[in-house]
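Student: Let me begin by handing over the structure; questions about it come next.
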Amino acid sequence: LDAALSVSSTAGSGVGSGSATGYVTGYPPPGCARPAGPGIATGAPVSTGAISVTGAPPVWPPPAAVTTGDRTGLRWPDLSNRAIRAPDAIVPGDPWPTAGPAWPHIRLTTSGPLGPGHSGQGVIVATGDLNVASGFAWRGAILVGGSLRLFGDADLTGAVFVGLAGAAAAADLGDGHVRITYDPCSADLATASLAPFPAALPGTWRGDW
């Protein structure tokens, strides 16, 4: 996971904000000794209003042949079938995990919105679009199949990837105070629950769910 905010882009998508303030930084916070990454990684236009974008480089359009999946090592279809570990919660349906020291894997099958009551840590896999209301804070990884829209203040620490399902997608940073901090150490801890099961060996079996 190599960017604070990454948009797997197609024509007409990108990162935009008319009046949001804050920052998108590609530099890990103290205590995380991983190399710095780009603040925003996207092949589409970037218009961020008053937000400060820092990183190495600040805005990195990857080569067209390199997809977000290639750079993250994530295979989006695996996040919604039996090739990957079952999530700790599927929302709606299951209750939202209580904030705590664990790093839960949450599959979100609605666009939300997520607000202050959903704040916490772990990995969120939003199968479609994701809307974030003012006051939401998250540490870890947010993986969005479609577009991301922020409505107010937000504080996201780790890594955010948008457009993983392959359709046209965008990140709309809204008009609040937005802080997106690159923290690959937290993102790695969160996405550890996404590791697929080992390949089956002759004479062995694997449980189903």
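Residues in the structure tokens are named by chain (A, B, ... in the order shown) and by number from 1 within that chain; ligands are numbered from 1 in the order shown.
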Mind checking which residues fall within 10 Å of Gly140 in chain A, counting only C-alpha atoms, ignoring those fewer than 3 positions away in the same chain, and posting them as a list in words?
Tutor: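 So, after excluding close chain neighbours, the residues are Trp103, Pro104, Gly120, Gln121, Gly122, Val123, Ile124, Leu156, Thr157, Gly158, Ala159, Val160, Tyr182, Asp183, Pro184, Cys185, Ser186, Ala187, Asp188, Leu189, Ala190 and Thr191 of chain A.
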Student: Counting only C-alpha atoms, give me one row per residue of range 68-185 of chain A with an atom at most 8 Å from an atom of range 16-23 of chain A, showing the shortest contact pair and its distance in Å to one decimal, sorted by chain then residue number, as CSV.
Tutor:
```
residue,atom,partner,partner_atom,distance
A:Ala170,CA,A:Gly16,CA,7.7
A:Ala171,CA,A:Gly16,CA,6.3
A:Asp172,CA,A:Gly16,CA,5.1
A:Leu173,CA,A:Ser17,CA,5.1
A:Gly174,CA,A:Ser17,CA,5.5
A:Asp175,CA,A:Ala20,CA,3.9
A:Gly176,CA,A:Ala20,CA,5.0
A:His177,CA,A:Thr21,CA,4.8
A:Val178,CA,A:Gly22,CA,4.9
A:Arg179,CA,A:Tyr23,CA,5.2
A:Ile180,CA,A:Tyr23,CA,6.3
A:Thr181,CA,A:Tyr23,CA,7.9
```
Student: What's around Leu194 in chain A at 9 Å? Count only C-alpha atoms, leave out sequence neighbours fewer than 5 positions away in its own chain, and write the answer as a PyMOL selection string.
Tutor: chain A and resi 74+79+84-87+105+123
Student: Mind the document's chain letters and residue numbers, and return as a ChimeraX atom specification the residues of range 7-136 of chain A that DSSP labels helix (DSSP H, G or I).
Tutor: /A:68-72,76-80,116-118
Student: Suppose we keep all heavy atoms; can you now write the selection as an mmCIF file, in the first residue's frame?
Tutor:
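Written file, result-v7.cif:
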```cif
data_model
loop_
_atom_site.group_PDB
_atom_site.id
_atom_site.type_symbol
_atom_site.label_atom_id
_atom_site.label_comp_id
_atom_site.auth_asym_id
_atom_site.auth_seq_id
_atom_site.Cartn_x
_atom_site.Cartn_y
_atom_site.Cartn_z
ATOM 1 N N THR A 68 -4.171 -0.149 -9.745
ATOM 2 C CA THR A 68 -4.109 -0.107 -8.293
ATOM 3 C C THR A 68 -3.934 -1.505 -7.721
ATOM 4 O O THR A 68 -3.218 -1.714 -6.751
ATOM 5 C CB THR A 68 -5.379 0.546 -7.726
ATOM 6 O OG1 THR A 68 -5.496 1.862 -8.257
ATOM 7 C CG2 THR A 68 -5.346 0.623 -6.210
ATOM 8 N N GLY A 69 -4.578 -2.489 -8.327
ATOM 9 C CA GLY A 69 -4.408 -3.853 -7.879
ATOM 10 C C GLY A 69 -2.979 -4.336 -8.010
ATOM 11 O O GLY A 69 -2.457 -5.038 -7.136
ATOM 12 N N ASP A 70 -2.322 -3.939 -9.104
ATOM 13 C CA ASP A 70 -0.916 -4.317 -9.273
ATOM 14 C C ASP A 70 -0.061 -3.725 -8.160
ATOM 15 O O ASP A 70 0.840 -4.373 -7.637
ATOM 16 C CB ASP A 70 -0.372 -3.832 -10.624
ATOM 17 C CG ASP A 70 -1.029 -4.526 -11.812
ATOM 18 O OD1 ASP A 70 -1.454 -5.688 -11.640
ATOM 19 O OD2 ASP A 70 -1.112 -3.907 -12.875
ATOM 20 N N ARG A 71 -0.332 -2.482 -7.796
ATOM 21 C CA ARG A 71 0.514 -1.798 -6.825
ATOM 22 C C ARG A 71 0.236 -2.238 -5.401
ATOM 23 O O ARG A 71 1.108 -2.192 -4.547
ATOM 24 C CB ARG A 71 0.329 -0.275 -6.944
ATOM 25 C CG ARG A 71 0.750 0.275 -8.292
ATOM 26 C CD ARG A 71 0.946 1.791 -8.292
ATOM 27 N NE ARG A 71 0.340 2.457 -7.183
ATOM 28 C CZ ARG A 71 -0.883 2.999 -7.207
ATOM 29 N NH1 ARG A 71 -1.630 2.898 -8.273
ATOM 30 N NH2 ARG A 71 -1.329 3.638 -6.154
ATOM 31 N N THR A 72 -0.999 -2.656 -5.127
ATOM 32 C CA THR A 72 -1.339 -3.060 -3.767
ATOM 33 C C THR A 72 -1.178 -4.558 -3.534
ATOM 34 O O THR A 72 -1.073 -5.001 -2.398
ATOM 35 C CB THR A 72 -2.795 -2.699 -3.435
ATOM 36 O OG1 THR A 72 -3.665 -3.412 -4.322
ATOM 37 C CG2 THR A 72 -3.042 -1.208 -3.561
ATOM 38 N N TRP A 76 -9.313 -7.605 -6.311
ATOM 39 C CA TRP A 76 -10.631 -7.192 -5.847
ATOM 40 C C TRP A 76 -11.643 -8.336 -5.824
ATOM 41 O O TRP A 76 -12.399 -8.474 -4.847
ATOM 42 C CB TRP A 76 -11.139 -6.025 -6.698
ATOM 43 C CG TRP A 76 -12.445 -5.490 -6.212
ATOM 44 C CD1 TRP A 76 -13.667 -5.640 -6.800
ATOM 45 C CD2 TRP A 76 -12.678 -4.742 -5.011
ATOM 46 N NE1 TRP A 76 -14.637 -5.021 -6.058
ATOM 47 C CE2 TRP A 76 -14.057 -4.456 -4.952
ATOM 48 C CE3 TRP A 76 -11.842 -4.281 -3.991
ATOM 49 C CZ2 TRP A 76 -14.629 -3.751 -3.915
ATOM 50 C CZ3 TRP A 76 -12.413 -3.567 -2.945
ATOM 51 C CH2 TRP A 76 -13.788 -3.304 -2.920
ATOM 52 N N PRO A 77 -11.709 -9.201 -6.833
ATOM 53 C CA PRO A 77 -12.692 -10.293 -6.754
ATOM 54 C C PRO A 77 -12.512 -11.173 -5.521
ATOM 55 O O PRO A 77 -13.486 -11.716 -4.990
ATOM 56 C CB PRO A 77 -12.446 -11.092 -8.051
ATOM 57 C CG PRO A 77 -11.865 -10.092 -8.986
ATOM 58 C CD PRO A 77 -11.002 -9.209 -8.122
ATOM 59 N N ASP A 78 -11.281 -11.311 -5.043
ATOM 60 C CA ASP A 78 -11.041 -12.147 -3.866
ATOM 61 C C ASP A 78 -11.675 -11.576 -2.603
ATOM 62 O O ASP A 78 -11.898 -12.298 -1.632
ATOM 63 C CB ASP A 78 -9.541 -12.320 -3.616
ATOM 64 C CG ASP A 78 -8.897 -13.255 -4.626
ATOM 65 O OD1 ASP A 78 -9.645 -13.855 -5.428
ATOM 66 O OD2 ASP A 78 -7.666 -13.374 -4.620
ATOM 67 N N LEU A 79 -11.944 -10.268 -2.597
ATOM 68 C CA LEU A 79 -12.518 -9.647 -1.407
ATOM 69 C C LEU A 79 -14.016 -9.918 -1.282
ATOM 70 O O LEU A 79 -14.623 -9.575 -0.272
ATOM 71 C CB LEU A 79 -12.271 -8.136 -1.424
ATOM 72 C CG LEU A 79 -10.801 -7.719 -1.411
ATOM 73 C CD1 LEU A 79 -10.683 -6.199 -1.453
ATOM 74 C CD2 LEU A 79 -10.088 -8.260 -0.182
ATOM 75 N N SER A 80 -14.625 -10.526 -2.294
ATOM 76 C CA SER A 80 -16.064 -10.780 -2.228
ATOM 77 C C SER A 80 -16.409 -12.236 -2.545
ATOM 78 O O SER A 80 -17.543 -12.548 -2.874
ATOM 79 C CB SER A 80 -16.798 -9.853 -3.206
ATOM 80 O OG SER A 80 -16.297 -10.026 -4.515
ATOM 81 N N PRO A 116 -19.470 9.601 12.925
ATOM 82 C CA PRO A 116 -18.652 9.478 14.140
ATOM 83 C C PRO A 116 -18.845 8.155 14.870
ATOM 84 O O PRO A 116 -17.902 7.602 15.438
ATOM 85 C CB PRO A 116 -19.110 10.663 14.995
ATOM 86 C CG PRO A 116 -19.671 11.645 14.026
ATOM 87 C CD PRO A 116 -20.272 10.836 12.912
ATOM 88 N N GLY A 117 -20.061 7.609 14.853
ATOM 89 C CA GLY A 117 -20.334 6.358 15.539
ATOM 90 C C GLY A 117 -19.688 5.147 14.907
ATOM 91 O O GLY A 117 -19.689 4.060 15.495
ATOM 92 N N HIS A 118 -19.139 5.300 13.703
ATOM 93 C CA HIS A 118 -18.457 4.203 13.022
ATOM 94 C C HIS A 118 -16.940 4.327 13.128
ATOM 95 O O HIS A 118 -16.208 3.492 12.580
ATOM 96 C CB HIS A 118 -18.848 4.172 11.543
ATOM 97 C CG HIS A 118 -20.316 4.015 11.299
ATOM 98 N ND1 HIS A 118 -21.134 5.095 10.986
ATOM 99 C CD2 HIS A 118 -21.126 2.931 11.349
ATOM 100 C CE1 HIS A 118 -22.376 4.670 10.832
ATOM 101 N NE2 HIS A 118 -22.402 3.364 11.049
#
```
Student: Can you pull out every residue within 9 Å of Thr127 in chain A, counting only C-alpha atoms, but drop anything in the same chain fewer than 6 positions away, and send it as a list in words?
Tutor: Leu79, Ser80, Arg107, Leu108, Thr109, Thr110, Ser111, Leu143, Val144, Gly145, Gly146, Leu164 and Ala165 of chain A
Student: Could you tell me how far CA of Val46 in chain A lies from CA of Gly31 in chain A, in Å and to one decimal?
Tutor: 29.7 Å
Student: CA of Ala192 in chain A to CA of Ile106 in chain A: how many Å, to one decimal?
Tutor: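 CA of Ile106 in chain A lies at a distance of 12.7 Å from CA of Ala192 in chain A.
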Student: What lies within 12 Å of Val15 in chain A using only C-alpha atoms, ignoring chain neighbours under 6 positions off, as a PDB file with C-alpha atoms, in the first residue's frame?
Tutor:
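Output saved as around-v8.pdb:
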```pdb
ATOM      1  CA  LEU A   5      -5.017   8.312  -1.244  1.00  0.00           C
ATOM      2  CA  SER A   6      -5.053   6.362  -4.501  1.00  0.00           C
ATOM      3  CA  VAL A   7      -7.678   6.420  -7.258  1.00  0.00           C
ATOM      4  CA  SER A   8      -7.653   3.702  -9.871  1.00  0.00           C
ATOM      5  CA  SER A   9      -8.765   6.011 -12.620  1.00  0.00           C
ATOM      6  CA  VAL A  24      -3.130  14.558   2.108  1.00  0.00           C
ATOM      7  CA  GLY A  39       0.244  11.718  -1.237  1.00  0.00           C
ATOM      8  CA  ILE A  40      -2.150  11.089  -4.116  1.00  0.00           C
ATOM      9  CA  ALA A  41      -1.638   8.377  -6.729  1.00  0.00           C
ATOM     10  CA  THR A  42      -3.928   8.755  -9.722  1.00  0.00           C
ATOM     11  CA  GLY A  43      -3.727   8.889 -13.477  1.00  0.00           C
ATOM     12  CA  ALA A  44      -6.646  11.322 -13.642  1.00  0.00           C
ATOM     13  CA  PRO A  45      -6.923  15.070 -12.969  1.00  0.00           C
ATOM     14  CA  VAL A  46      -6.273  16.294  -9.439  1.00  0.00           C
ATOM     15  CA  SER A  47      -8.085  19.370  -8.120  1.00  0.00           C
ATOM     16  CA  THR A  48      -7.844  19.632  -4.346  1.00  0.00           C
ATOM     17  CA  GLY A  49      -8.947  23.145  -3.453  1.00  0.00           C
ATOM     18  CA  ILE A  51      -5.802  20.971   0.675  1.00  0.00           C
ATOM     19  CA  VAL A  53      -0.669  17.533  -0.857  1.00  0.00           C
ATOM     20  CA  VAL A  59       1.161  13.688  -7.087  1.00  0.00           C
ATOM     21  CA  PRO A  61       0.357   9.523 -12.069  1.00  0.00           C
ATOM     22  CA  SER A 147     -16.257   6.342  -5.624  1.00  0.00           C
ATOM     23  CA  LEU A 148     -15.520   8.034  -2.289  1.00  0.00           C
ATOM     24  CA  ARG A 149     -17.404  11.148  -1.167  1.00  0.00           C
ATOM     25  CA  LEU A 150     -16.685  13.117   1.999  1.00  0.00           C
ATOM     26  CA  PHE A 161      -7.837   3.145  -2.256  1.00  0.00           C
ATOM     27  CA  VAL A 162     -10.736   4.065  -4.526  1.00  0.00           C
ATOM     28  CA  GLY A 163     -12.044   2.517  -7.756  1.00  0.00           C
ATOM     29  CA  ALA A 169     -14.473   6.278  -9.893  1.00  0.00           C
ATOM     30  CA  ALA A 170     -13.522   9.506  -8.149  1.00  0.00           C
ATOM     31  CA  ALA A 171     -12.578  10.837  -4.724  1.00  0.00           C
ATOM     32  CA  ASP A 172     -14.613  13.919  -3.822  1.00  0.00           C
ATOM     33  CA  LEU A 173     -13.022  15.490  -0.750  1.00  0.00           C
ATOM     34  CA  GLY A 174     -16.004  17.785  -0.148  1.00  0.00           C
TER      35      GLY A 174
END
```
Student: Can you list, as a PyMOL selection string, every residue of chain A that DSSP puts in strand (DSSP E)?
Tutor: chain A and resi 5-7+14-16+21-25+40-42+46-47+52-54+59-60+89-91+105-108+120-126+130-133+136-144+148-151+154-162+170-172+177-182
